[in-house]
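Novice: Encoded as structure tokens, here's the structure I'll be asking about.
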Protein chains: 4
Amino acid sequence: MKILVTGFDPFAGEPLNPSWEVARRLPGTIAGADVVAIQLPTSFRRSASALRSAVVAHEPDAVVSLGQAGGRSAVTPERVAINVDDGRIPDNDGVLPIDEPIAPDGPSAYFSTLPVKAMVAAMTEAGVPAGVSNSAGTFVCNHVFYAARHLVEREFPGTTAGFVHLPYLPSQALGRPGTPSLSLDAMVTGLEAGLAAIVAYHGHDDARLVGGAAH
Amino acid sequence: MKILVTGFDPFAGEPLNPSWEVARRLPGTIAGADVVAIQLPTSFRRSASALRSAVVAHEPDAVVSLGQAGGRSAVTPERVAINVDDGRIPDNDGVLPIDEPIAPDGPSAYFSTLPVKAMVAAMTEAGVPAGVSNSAGTFVCNHVFYAARHLVEREFPGTTAGFVHLPYLPSQALGRPGTPSLSLDAMVTGLEAGLAAIVAYHGHDDARLVGGAAH
Amino acid sequence: MKILVTGFDPFAGEPLNPSWEVARRLPGTIAGADVVAIQLPTSFRRSASALRSAVVAHEPDAVVSLGQAGGRSAVTPERVAINVDDGRIPDNDGVLPIDEPIAPDGPSAYFSTLPVKAMVAAMTEAGVPAGVSNSAGTFVCNHVFYAARHLVEREFPGTTAGFVHLPYLPSQALGRPGTPSLSLDAMVTGLEAGLAAIVAYHGHDDARLVGGAAH
Amino acid sequence: MKILVTGFDPFAGEPLNPSWEVARRLPGTIAGADVVAIQLPTSFRRSASALRSAVVAHEPDAVVSLGQAGGRSAVTPERVAINVDDGRIPDNDGVLPIDEPIAPDGPSAYFSTLPVKAMVAAMTEAGVPAGVSNSAGTFVCNHVFYAARHLVEREFPGTTAGFVHLPYLPSQALGRPGTPSLSLDAMVTGLEAGLAAIVAYHGHDDARLVGGAAH
């Protein structure tokens with residue numbers, strides 16, 4: 001089994017992006033599966049084609065994209081990607097789309113085909129704060145998540161795909177009073193546990209665990 | 001033009017639900033449109049049929065469902081409803097579904113057909129904190145939002161439908177240190193402005209305004 | 001009985017200050033006591049002398065200073081003023097002191113001589129979110145609180161004095177996603193209840209109520 | 001030079017207390033100073049005498065007490081201890097004092113004699129989120145901080161004393177959605193940097209750095 005993990009380059013003036021810092025530190029093998037890490041640009045126009053090239057090159061069984069969610073305090077597998085690009089700030093190309101569909105012919109949303117409940121349970125068991133998130137936003141993170149699911153749905157039907165958001169690293173929380181962060185070690189540990197759960201549940205339904213949200 | 005507004009009965013031990021307190025205080029006419037308010041039960045099993053009965057009885061041009069989002073600080077029109085029931089606590093019937101589709105034959109999600117950006121702009125202009133939300137959760141609020149869109153999509157194609165989440169009332173924030181709230185007057189004022197925007201934009205595209213979310 | 005209420009002018013680019021908006025809307029008589037409202041400048045150098053002039057002119061039985069605490073969600077009577085000026089931003093005169101004593105010969109701190117627990121209970125009873133705060137910060141609010149207590153301790157021994165911090169008004173929370181606010185009506189109602197408690201407890205010990213903080 | 005570091009035993013049902021986990025993992029020597037760690041009970045009645053015994057036994061040049069501040073996201077040296085015990089929950093002996101003085105003959109407050117601004121700067125430089133806090137609460141943490149300053153002020157005039165609050169460990173944030181935490185490694189790193197600053201500034205004034213709070 002092979003898992004492709006993607007991380008983003010820094011954006012919004014940050015010196016680094018925890019998603020890439022975590023992706024590039026994952027071991028080459030987790031629970032018997034090969035793990036390959038690549039970096040994607042924080043770009044509405046370029047990220048999906050970069051992802052497609054990597055999927056074509058590596059033919060993974062699962063695609064796990066990581067992204068930065070500054071302000072969150074836990075590692076959060078995302079439940080759903082929605083078919084809209086709607087920026088609040090420009091991406092790294094200066095592009096700021098407003099309410100544009102990602103795929104005009106695509107469905108309104110794709111659910112993650114990763115076992116998000118089992119992943120949260122495994123991360124928690126490993127001592128890392130984790131929870132299911134019900135929104136990946138409307139910026140490049142959601143864009144890549146939707147694009148990955150759209151790609152595998154049409155061209156690589158045996159491949160599962162999903163997204164995991166990460167808190168700031170402690171170095172990013174400096175000078176931002178009240179802003180949570182999580183250490184790089186904790187995030188790597190969490191992802192290792194989450195990827196092991198992906199391997200364990202491959203071909204099976206997600207665990208039936210309570211994990212919804214009132215709103 | 002006629003607008004059907006729905007609010008929920010209290011749940012989770014609360015003595016009241018701001019969504020119903022606001023709904024029943026709205027004036028009977030807003031911007032020339034008739035406004036009818038009904039209460040729905042906080043019930044996965046009973047809420048959609050109660051909504052359907054009201055739509056059949058009133059034949060509204062727009063359906064605006066309101067719900068409580070304890071912990072939020074602003075009035076938040078929701079962008080999207082997703083096809084899943086996933087409770088964290090039981091509903092008022094003691095039902096706690098886990099990862100069940102709302103409509104097995106329905107799409108993965110429905111976008112609101114209310115002008116959410118224009119509504120936020122109008123609420124803000126009226127002095128009420130407001131913002132677009134990208135997740136209505138996975139509890140009865142999302143269930144009713146999805147059910148309303150599913151209903152009108154198939155049976156009442158000319159009717160728009162959407163959802164607005166409301167903060168706690170000040171009385172609910174008592175004894176919860178650090179929890180935001182908004183006064184009943186402010187919420188009613190916000191909804192009046194939002195409903196006026198629905199009337200103004202009926203038959204038109206939503207305003208093109210920045211209002212996305214990074215995550 | 002006479003109560004002097006003070007509010008501040010706006011600072012940090014805000015168009016208004018909730019402390020003055022509330023102070024100037026209080027009724028002239030509360031629970032039989034005369035209420036006089038004055039505005040103080042948000043200035044380390046000028047606020048204490050302006051306060052002193054008002055105390056000399058009005059000879060109040062109690063001094064209640066109000067200030068803005070953006071980000072808080074409740075009306076918060078302050079427990080203690082500390083003998084230090086330590087700015088994070090400049091005041092309205094461009095002054096930014098660092099770790100300077102307010103009164104080189106004064107005590108390290110003054111406790112409020114207002115009945116803060118009874119005030120919180122009365123505000124809560126009136127339906128307004130309230131709680132005791134254990135820090136008034138180190139900016140002009142704490143400065144005025146300390147100066148008021150220092151003044152009455154030495155020159156007006158029969159006069160009680162204290163401070164109450166207020167959340168943003170809803171209009172200030174616009175464009176600040178996630179920031180709590182409270183309506184002007186709710187704040188005025190809370191202050192009326194708090195001032196009535198001051199009258200009721202004048203000459204008596206504060207109510208013995210649980211209201212401490214772990215940290 | 002010798003530094004006495006204290007941590008607390010767990011309270012409020014927690015399985016551990018980050019303050020003791022950090023204290024017992026500090027190296028025996030930091031910046032040339034000997035470091036001795038002891039555990040104090042989370043008890044209003046027993047903590048001060050346990051602290052006094054340790055100070056008599058070790059005759060330290062500085063006393064640095066650590067405590068848990070669940071919900072904070074940064075390591076926070078405290079500026080001031082106030083002369084009041086006011087619980088919200090009972091301590092580990094079941095004691096819940098309400099508005100009682102710690103030392104009836106003591107001053108209203110003691111400022112920390114540790115270089116809190118220099119400590120925050122050193123922690124930040126080491127990559128650990130940190131900030132000056134202006135309230136240590138009114139529970140056993142504030143009690144020990146006040147008692148330590150009161151003790152050295154009267155019996156060990158050459159000894160400095162202060163307090164540092166710590167966030168939850170990641171294991172404590174599990175199951176508390178939205179609650180920040182910091183890894184044990186990050187907290188130990190932060191404390192090492194803070195203790196090195198104490199050594200560097202011993203006998204000198206604190207650094208003149210901006211670090212106040214508006215409220």
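Chain labels A, B, ... are given in the sequence in which chains occur in the structure tokens; within each chain residues are numbered consecutively from 1, and ligands are likewise numbered from 1 in the order shown.
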Determine, counting only C-alpha atoms, which protein, DNA and RNA residues have an atom within 6 Å of an atom of Met119 in chain B; residues of the same chain fewer than 3 positions away are not included. Present the result as a list in words.
Specialist: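 Residues meeting the cut-off are Val116, Ala122, Gly194 and Ala197 of chain B.
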Novice: Using only C-alpha atoms, please write the residues we just selected to a file, as a PDB file, in the first residue's frame.
Specialist:
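Written output follows (result20.pdb):
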```
ATOM      1  CA  VAL B 116     -25.897  34.930   2.125  1.00  0.00           C
ATOM      2  CA  ALA B 122     -27.369  44.081   5.309  1.00  0.00           C
ATOM      3  CA  GLY B 194     -31.466  39.847   6.362  1.00  0.00           C
ATOM      4  CA  ALA B 197     -32.055  41.500   1.590  1.00  0.00           C
TER       5      ALA B 197
END
```
Novice: Compile the contact shell of range 125-134 of chain D as a list in words: residues with an atom at most 8 Å away, counting only C-alpha atoms, same-chain residues fewer than 6 positions apart removed.
Specialist: Pro170, Ser171, Ala173, Leu174, Gly175 and Pro177 of chain A; Ser135, Gly137 and Thr138 of chain C; Ser73, Ala74, Val75, Thr76, Pro77, Glu78, Arg79, Val80, Val116, Lys117, Ala186, Met187, Thr189, Gly190, Ala193, Gly211, Gly212 and Ala213 of chain D
Novice: Next, write the just-selected residues to a file, as a PDB file, in the first residue's frame, keeping N, CA and C atoms as the atom set.
Specialist:
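Output (selection05.pdb):
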```
ATOM      1  N   PRO A 170       4.361  26.183  17.518  1.00  0.00           N
ATOM      2  CA  PRO A 170       4.618  27.156  18.594  1.00  0.00           C
ATOM      3  C   PRO A 170       5.324  28.416  18.091  1.00  0.00           C
ATOM      4  N   SER A 171       6.226  28.269  17.128  1.00  0.00           N
ATOM      5  CA  SER A 171       6.949  29.457  16.642  1.00  0.00           C
ATOM      6  C   SER A 171       6.002  30.436  15.952  1.00  0.00           C
ATOM      7  N   ALA A 173       2.901  30.942  16.929  1.00  0.00           N
ATOM      8  CA  ALA A 173       2.013  31.526  17.945  1.00  0.00           C
ATOM      9  C   ALA A 173       2.709  32.613  18.753  1.00  0.00           C
ATOM     10  N   LEU A 174       4.029  32.724  18.598  1.00  0.00           N
ATOM     11  CA  LEU A 174       4.759  33.792  19.300  1.00  0.00           C
ATOM     12  C   LEU A 174       4.183  35.134  18.870  1.00  0.00           C
ATOM     13  N   GLY A 175       3.923  35.985  19.817  1.00  0.00           N
ATOM     14  CA  GLY A 175       3.429  37.312  19.481  1.00  0.00           C
ATOM     15  C   GLY A 175       1.963  37.338  19.115  1.00  0.00           C
ATOM     16  N   PRO A 177      -0.972  36.584  21.307  1.00  0.00           N
ATOM     17  CA  PRO A 177      -1.494  36.172  22.619  1.00  0.00           C
ATOM     18  C   PRO A 177      -2.818  35.431  22.494  1.00  0.00           C
TER      19      PRO A 177
ATOM     20  N   SER C 135      -8.165  41.199  37.125  1.00  0.00           N
ATOM     21  CA  SER C 135      -7.143  42.094  36.580  1.00  0.00           C
ATOM     22  C   SER C 135      -7.791  43.148  35.709  1.00  0.00           C
ATOM     23  N   GLY C 137      -5.891  45.075  34.021  1.00  0.00           N
ATOM     24  CA  GLY C 137      -4.821  45.371  33.084  1.00  0.00           C
ATOM     25  C   GLY C 137      -3.793  46.318  33.676  1.00  0.00           C
ATOM     26  N   THR C 138      -3.014  46.951  32.795  1.00  0.00           N
ATOM     27  CA  THR C 138      -1.962  47.875  33.237  1.00  0.00           C
ATOM     28  C   THR C 138      -1.985  49.159  32.417  1.00  0.00           C
TER      29      THR C 138
ATOM     30  N   SER D  73      -2.752  29.455  26.413  1.00  0.00           N
ATOM     31  CA  SER D  73      -2.026  28.853  25.301  1.00  0.00           C
ATOM     32  C   SER D  73      -0.527  29.138  25.362  1.00  0.00           C
ATOM     33  N   ALA D  74      -0.078  29.855  26.388  1.00  0.00           N
ATOM     34  CA  ALA D  74       1.325  30.256  26.462  1.00  0.00           C
ATOM     35  C   ALA D  74       1.844  30.087  27.893  1.00  0.00           C
ATOM     36  N   VAL D  75       3.154  30.038  28.021  1.00  0.00           N
ATOM     37  CA  VAL D  75       3.801  30.053  29.333  1.00  0.00           C
ATOM     38  C   VAL D  75       3.764  31.489  29.843  1.00  0.00           C
ATOM     39  N   THR D  76       3.206  31.694  31.040  1.00  0.00           N
ATOM     40  CA  THR D  76       2.912  33.061  31.480  1.00  0.00           C
ATOM     41  C   THR D  76       3.473  33.371  32.867  1.00  0.00           C
ATOM     42  N   PRO D  77       4.662  34.025  32.912  1.00  0.00           N
ATOM     43  CA  PRO D  77       5.148  34.547  34.193  1.00  0.00           C
ATOM     44  C   PRO D  77       4.133  35.546  34.749  1.00  0.00           C
ATOM     45  N   GLU D  78       3.853  35.435  36.040  1.00  0.00           N
ATOM     46  CA  GLU D  78       2.843  36.283  36.669  1.00  0.00           C
ATOM     47  C   GLU D  78       3.498  37.546  37.232  1.00  0.00           C
ATOM     48  N   ARG D  79       2.803  38.660  37.106  1.00  0.00           N
ATOM     49  CA  ARG D  79       3.327  39.939  37.566  1.00  0.00           C
ATOM     50  C   ARG D  79       3.079  40.171  39.046  1.00  0.00           C
ATOM     51  N   VAL D  80       1.935  39.699  39.559  1.00  0.00           N
ATOM     52  CA  VAL D  80       1.519  40.155  40.887  1.00  0.00           C
ATOM     53  C   VAL D  80       0.686  39.094  41.601  1.00  0.00           C
ATOM     54  N   VAL D 116      10.195  39.343  34.931  1.00  0.00           N
ATOM     55  CA  VAL D 116       9.166  38.712  34.090  1.00  0.00           C
ATOM     56  C   VAL D 116       9.259  39.114  32.614  1.00  0.00           C
ATOM     57  N   LYS D 117       9.646  40.346  32.357  1.00  0.00           N
ATOM     58  CA  LYS D 117       9.765  40.757  30.950  1.00  0.00           C
ATOM     59  C   LYS D 117      10.955  40.042  30.290  1.00  0.00           C
ATOM     60  N   ALA D 186       8.191  21.571  24.946  1.00  0.00           N
ATOM     61  CA  ALA D 186       8.158  23.024  24.754  1.00  0.00           C
ATOM     62  C   ALA D 186       8.132  23.743  26.103  1.00  0.00           C
ATOM     63  N   MET D 187       7.364  23.198  27.052  1.00  0.00           N
ATOM     64  CA  MET D 187       7.292  23.859  28.359  1.00  0.00           C
ATOM     65  C   MET D 187       8.633  23.769  29.091  1.00  0.00           C
ATOM     66  N   THR D 189      11.584  23.494  27.690  1.00  0.00           N
ATOM     67  CA  THR D 189      12.468  24.426  26.974  1.00  0.00           C
ATOM     68  C   THR D 189      12.203  25.860  27.415  1.00  0.00           C
ATOM     69  N   GLY D 190      10.944  26.215  27.525  1.00  0.00           N
ATOM     70  CA  GLY D 190      10.596  27.567  27.950  1.00  0.00           C
ATOM     71  C   GLY D 190      11.095  27.859  29.354  1.00  0.00           C
ATOM     72  N   ALA D 193      14.840  28.421  29.472  1.00  0.00           N
ATOM     73  CA  ALA D 193      15.182  29.772  29.018  1.00  0.00           C
ATOM     74  C   ALA D 193      14.818  30.805  30.079  1.00  0.00           C
ATOM     75  N   GLY D 211       5.058  45.152  27.287  1.00  0.00           N
ATOM     76  CA  GLY D 211       4.420  43.885  27.644  1.00  0.00           C
ATOM     77  C   GLY D 211       3.213  44.075  28.543  1.00  0.00           C
ATOM     78  N   GLY D 212       2.621  45.248  28.523  1.00  0.00           N
ATOM     79  CA  GLY D 212       1.437  45.498  29.336  1.00  0.00           C
ATOM     80  C   GLY D 212       0.183  44.917  28.703  1.00  0.00           C
ATOM     81  N   ALA D 213      -0.941  45.155  29.367  1.00  0.00           N
ATOM     82  CA  ALA D 213      -2.224  44.644  28.870  1.00  0.00           C
ATOM     83  C   ALA D 213      -3.276  45.737  29.007  1.00  0.00           C
TER      84      ALA D 213
END
```
Novice: Can you check which residues of chain A have any atom within 8 Å of chain B? Use only C-alpha atoms and format it as an MDAnalysis selection string.
Specialist: chainID A and resid 69 82 86:88 98:99 107:111 134:142 208:215
Novice: Which one of D:Trp20, D:Tyr201, D:Tyr168, D:Phe163 sits closest to Ala147 in chain D if you count only C-alpha atoms?
Specialist: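 Looking only at the distances to Ala147 in chain D, the closest residue turns out to be D:Phe163.
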Novice: CA of Leu114 in chain A to CA of Glu21 in chain A: how many Å, to one decimal?
Specialist: 21.6 Å
Novice: Using only C-alpha atoms, find the one residue out of B:Leu191, B:Val36, B:Val144, B:Leu169 that sits nearest to Pro60 in chain B.
Specialist: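 Result for the nearest residue to Pro60 in chain B: B:Val36.
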Novice: Among chain D, which residues carry a DSSP assignment of strand (DSSP E or B), reported as a ChimeraX atom specification?
Specialist: /D:2-8,29-30,33-40,62-68,70,72,75-78,80-82,85,100,109-111,130,133,160-166,181
Novice: Next, write the just-selected residues to a file, as a PDB file, in the first residue's frame, keeping C-alpha atoms as the atom set.
Specialist:
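What follows is the written file selection_12.pdb:
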```pdb
ATOM      1  CA  LYS D   2      20.536  28.106  43.640  1.00  0.00           C
ATOM      2  CA  ILE D   3      16.955  28.123  42.304  1.00  0.00           C
ATOM      3  CA  LEU D   4      14.088  26.319  44.014  1.00  0.00           C
ATOM      4  CA  VAL D   5      11.349  25.297  41.576  1.00  0.00           C
ATOM      5  CA  THR D   6       7.999  24.135  42.871  1.00  0.00           C
ATOM      6  CA  GLY D   7       5.186  22.248  41.084  1.00  0.00           C
ATOM      7  CA  PHE D   8       1.764  21.157  42.330  1.00  0.00           C
ATOM      8  CA  THR D  29      22.012  22.907  36.543  1.00  0.00           C
ATOM      9  CA  ILE D  30      20.882  25.815  34.345  1.00  0.00           C
ATOM     10  CA  ALA D  33      22.818  27.688  38.832  1.00  0.00           C
ATOM     11  CA  ASP D  34      21.722  24.645  40.821  1.00  0.00           C
ATOM     12  CA  VAL D  35      18.079  23.764  40.298  1.00  0.00           C
ATOM     13  CA  VAL D  36      16.080  21.895  42.963  1.00  0.00           C
ATOM     14  CA  ALA D  37      12.498  20.780  42.298  1.00  0.00           C
ATOM     15  CA  ILE D  38       9.895  19.978  44.951  1.00  0.00           C
ATOM     16  CA  GLN D  39       6.192  19.189  44.835  1.00  0.00           C
ATOM     17  CA  LEU D  40       3.628  21.216  46.799  1.00  0.00           C
ATOM     18  CA  ALA D  62      15.323  32.459  43.774  1.00  0.00           C
ATOM     19  CA  VAL D  63      12.005  30.671  44.196  1.00  0.00           C
ATOM     20  CA  VAL D  64      10.048  29.909  41.022  1.00  0.00           C
ATOM     21  CA  SER D  65       6.652  28.336  41.598  1.00  0.00           C
ATOM     22  CA  LEU D  66       4.842  26.727  38.686  1.00  0.00           C
ATOM     23  CA  GLY D  67       1.118  26.098  38.334  1.00  0.00           C
ATOM     24  CA  GLN D  68      -1.471  24.845  35.853  1.00  0.00           C
ATOM     25  CA  GLY D  70      -5.920  25.237  31.875  1.00  0.00           C
ATOM     26  CA  ARG D  72      -4.100  29.383  28.419  1.00  0.00           C
ATOM     27  CA  VAL D  75       3.801  30.053  29.333  1.00  0.00           C
ATOM     28  CA  THR D  76       2.912  33.061  31.480  1.00  0.00           C
ATOM     29  CA  PRO D  77       5.148  34.547  34.193  1.00  0.00           C
ATOM     30  CA  GLU D  78       2.843  36.283  36.669  1.00  0.00           C
ATOM     31  CA  VAL D  80       1.519  40.155  40.887  1.00  0.00           C
ATOM     32  CA  ALA D  81       0.087  38.133  43.783  1.00  0.00           C
ATOM     33  CA  ILE D  82      -2.897  39.525  45.683  1.00  0.00           C
ATOM     34  CA  ASP D  85      -8.080  33.432  48.948  1.00  0.00           C
ATOM     35  CA  GLU D 100     -10.356  35.657  53.023  1.00  0.00           C
ATOM     36  CA  ALA D 109      -0.295  42.598  46.876  1.00  0.00           C
ATOM     37  CA  TYR D 110       3.290  41.630  46.110  1.00  0.00           C
ATOM     38  CA  PHE D 111       4.881  42.142  42.741  1.00  0.00           C
ATOM     39  CA  ALA D 130       5.017  33.273  26.346  1.00  0.00           C
ATOM     40  CA  SER D 133       0.066  37.649  32.968  1.00  0.00           C
ATOM     41  CA  THR D 160      13.692  36.690  44.753  1.00  0.00           C
ATOM     42  CA  ALA D 161      10.378  34.918  44.182  1.00  0.00           C
ATOM     43  CA  GLY D 162       7.700  34.635  41.559  1.00  0.00           C
ATOM     44  CA  PHE D 163       5.265  32.403  39.713  1.00  0.00           C
ATOM     45  CA  VAL D 164       4.825  30.978  36.211  1.00  0.00           C
ATOM     46  CA  HIS D 165       1.534  29.524  34.910  1.00  0.00           C
ATOM     47  CA  LEU D 166       1.562  26.713  32.319  1.00  0.00           C
ATOM     48  CA  SER D 181      -2.149  22.863  24.984  1.00  0.00           C
TER      49      SER D 181
END
```
Novice: So which residues of range 101-142 of chain B fall under helix (DSSP H, G or I) by DSSP, listed as a list in words?
Specialist: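 The residues of range 101-142 of chain B classed as helix (DSSP H, G or I) are Val116, Lys117, Ala118, Met119, Val120, Ala121, Ala122, Met123, Thr124, Glu125, Val140, Cys141 and Asn142 of chain B.
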Novice: Okay, now the selection with all heavy atoms, as a compact mmCIF listing (two decimals), in the first residue's frame?
Specialist:
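Final output, out.txt:
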```txt
# COMPACT_ATOMS: atom_id res chain seq x y z
N VAL B 116 -26.56 34.86 0.81
CA VAL B 116 -25.90 34.93 2.12
C VAL B 116 -24.94 36.12 2.25
O VAL B 116 -24.83 36.73 3.31
CB VAL B 116 -25.17 33.61 2.47
CG1 VAL B 116 -26.18 32.48 2.65
CG2 VAL B 116 -24.14 33.23 1.41
N LYS B 117 -24.26 36.46 1.17
CA LYS B 117 -23.34 37.61 1.24
C LYS B 117 -24.13 38.91 1.40
O LYS B 117 -23.76 39.78 2.19
CB LYS B 117 -22.47 37.69 -0.02
CG LYS B 117 -21.51 36.51 -0.20
CD LYS B 117 -20.28 36.64 0.62
CE LYS B 117 -19.29 35.51 0.39
NZ LYS B 117 -18.51 35.64 -0.86
N ALA B 118 -25.21 39.05 0.64
CA ALA B 118 -26.04 40.26 0.76
C ALA B 118 -26.69 40.34 2.13
O ALA B 118 -26.86 41.43 2.70
CB ALA B 118 -27.10 40.28 -0.34
N MET B 119 -27.08 39.19 2.66
CA MET B 119 -27.69 39.18 3.99
C MET B 119 -26.68 39.63 5.06
O MET B 119 -27.01 40.44 5.94
CB MET B 119 -28.20 37.77 4.33
CG MET B 119 -29.40 37.34 3.49
SD MET B 119 -29.78 35.56 3.65
CE MET B 119 -30.47 35.53 5.32
N VAL B 120 -25.46 39.12 4.97
CA VAL B 120 -24.42 39.54 5.92
C VAL B 120 -24.16 41.03 5.80
O VAL B 120 -24.02 41.74 6.81
CB VAL B 120 -23.13 38.72 5.71
CG1 VAL B 120 -21.95 39.35 6.44
CG2 VAL B 120 -23.35 37.28 6.18
N ALA B 121 -24.10 41.53 4.56
CA ALA B 121 -23.86 42.96 4.35
C ALA B 121 -25.00 43.79 4.96
O ALA B 121 -24.76 44.81 5.60
CB ALA B 121 -23.72 43.26 2.86
N ALA B 122 -26.22 43.33 4.78
CA ALA B 122 -27.37 44.08 5.31
C ALA B 122 -27.41 44.05 6.83
O ALA B 122 -27.71 45.05 7.49
CB ALA B 122 -28.67 43.50 4.73
N MET B 123 -27.10 42.89 7.40
CA MET B 123 -27.08 42.79 8.87
C MET B 123 -25.99 43.69 9.43
O MET B 123 -26.20 44.40 10.43
CB MET B 123 -26.81 41.34 9.29
CG MET B 123 -27.97 40.38 8.95
SD MET B 123 -27.45 38.65 9.15
CE MET B 123 -29.02 37.80 8.84
N THR B 124 -24.82 43.67 8.80
CA THR B 124 -23.70 44.49 9.25
C THR B 124 -24.06 45.96 9.16
O THR B 124 -23.80 46.74 10.09
CB THR B 124 -22.46 44.18 8.40
OG1 THR B 124 -22.16 42.79 8.53
CG2 THR B 124 -21.26 45.00 8.84
N GLU B 125 -24.67 46.33 8.04
CA GLU B 125 -25.11 47.71 7.85
C GLU B 125 -26.08 48.13 8.95
O GLU B 125 -26.10 49.29 9.38
CB GLU B 125 -25.78 47.83 6.47
CG GLU B 125 -26.32 49.21 6.12
CD GLU B 125 -25.21 50.22 5.86
OE1 GLU B 125 -24.08 49.79 5.54
OE2 GLU B 125 -25.48 51.41 6.00
N VAL B 140 -29.50 18.57 14.22
CA VAL B 140 -30.83 18.80 13.63
C VAL B 140 -30.86 20.08 12.79
O VAL B 140 -31.64 20.18 11.83
CB VAL B 140 -31.91 18.81 14.73
CG1 VAL B 140 -33.29 19.00 14.12
CG2 VAL B 140 -31.88 17.51 15.53
N CYS B 141 -30.03 21.06 13.10
CA CYS B 141 -30.00 22.29 12.29
C CYS B 141 -29.63 21.96 10.85
O CYS B 141 -30.31 22.37 9.91
CB CYS B 141 -29.00 23.29 12.88
SG CYS B 141 -29.58 24.06 14.42
N ASN B 142 -28.50 21.26 10.69
CA ASN B 142 -28.08 20.88 9.33
C ASN B 142 -29.13 19.99 8.68
O ASN B 142 -29.40 20.09 7.47
CB ASN B 142 -26.74 20.14 9.41
CG ASN B 142 -26.30 19.59 8.06
OD1 ASN B 142 -25.87 20.33 7.20
ND2 ASN B 142 -26.44 18.27 7.88
```
Novice: Mind giving me the straight-line distance from CA of Ser43 in chain B to CA of Thr179 in chain D in Å, one decimal?
Specialist: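 Interatomic distance, CA of Ser43 in chain B to CA of Thr179 in chain D: 29.4 Å.
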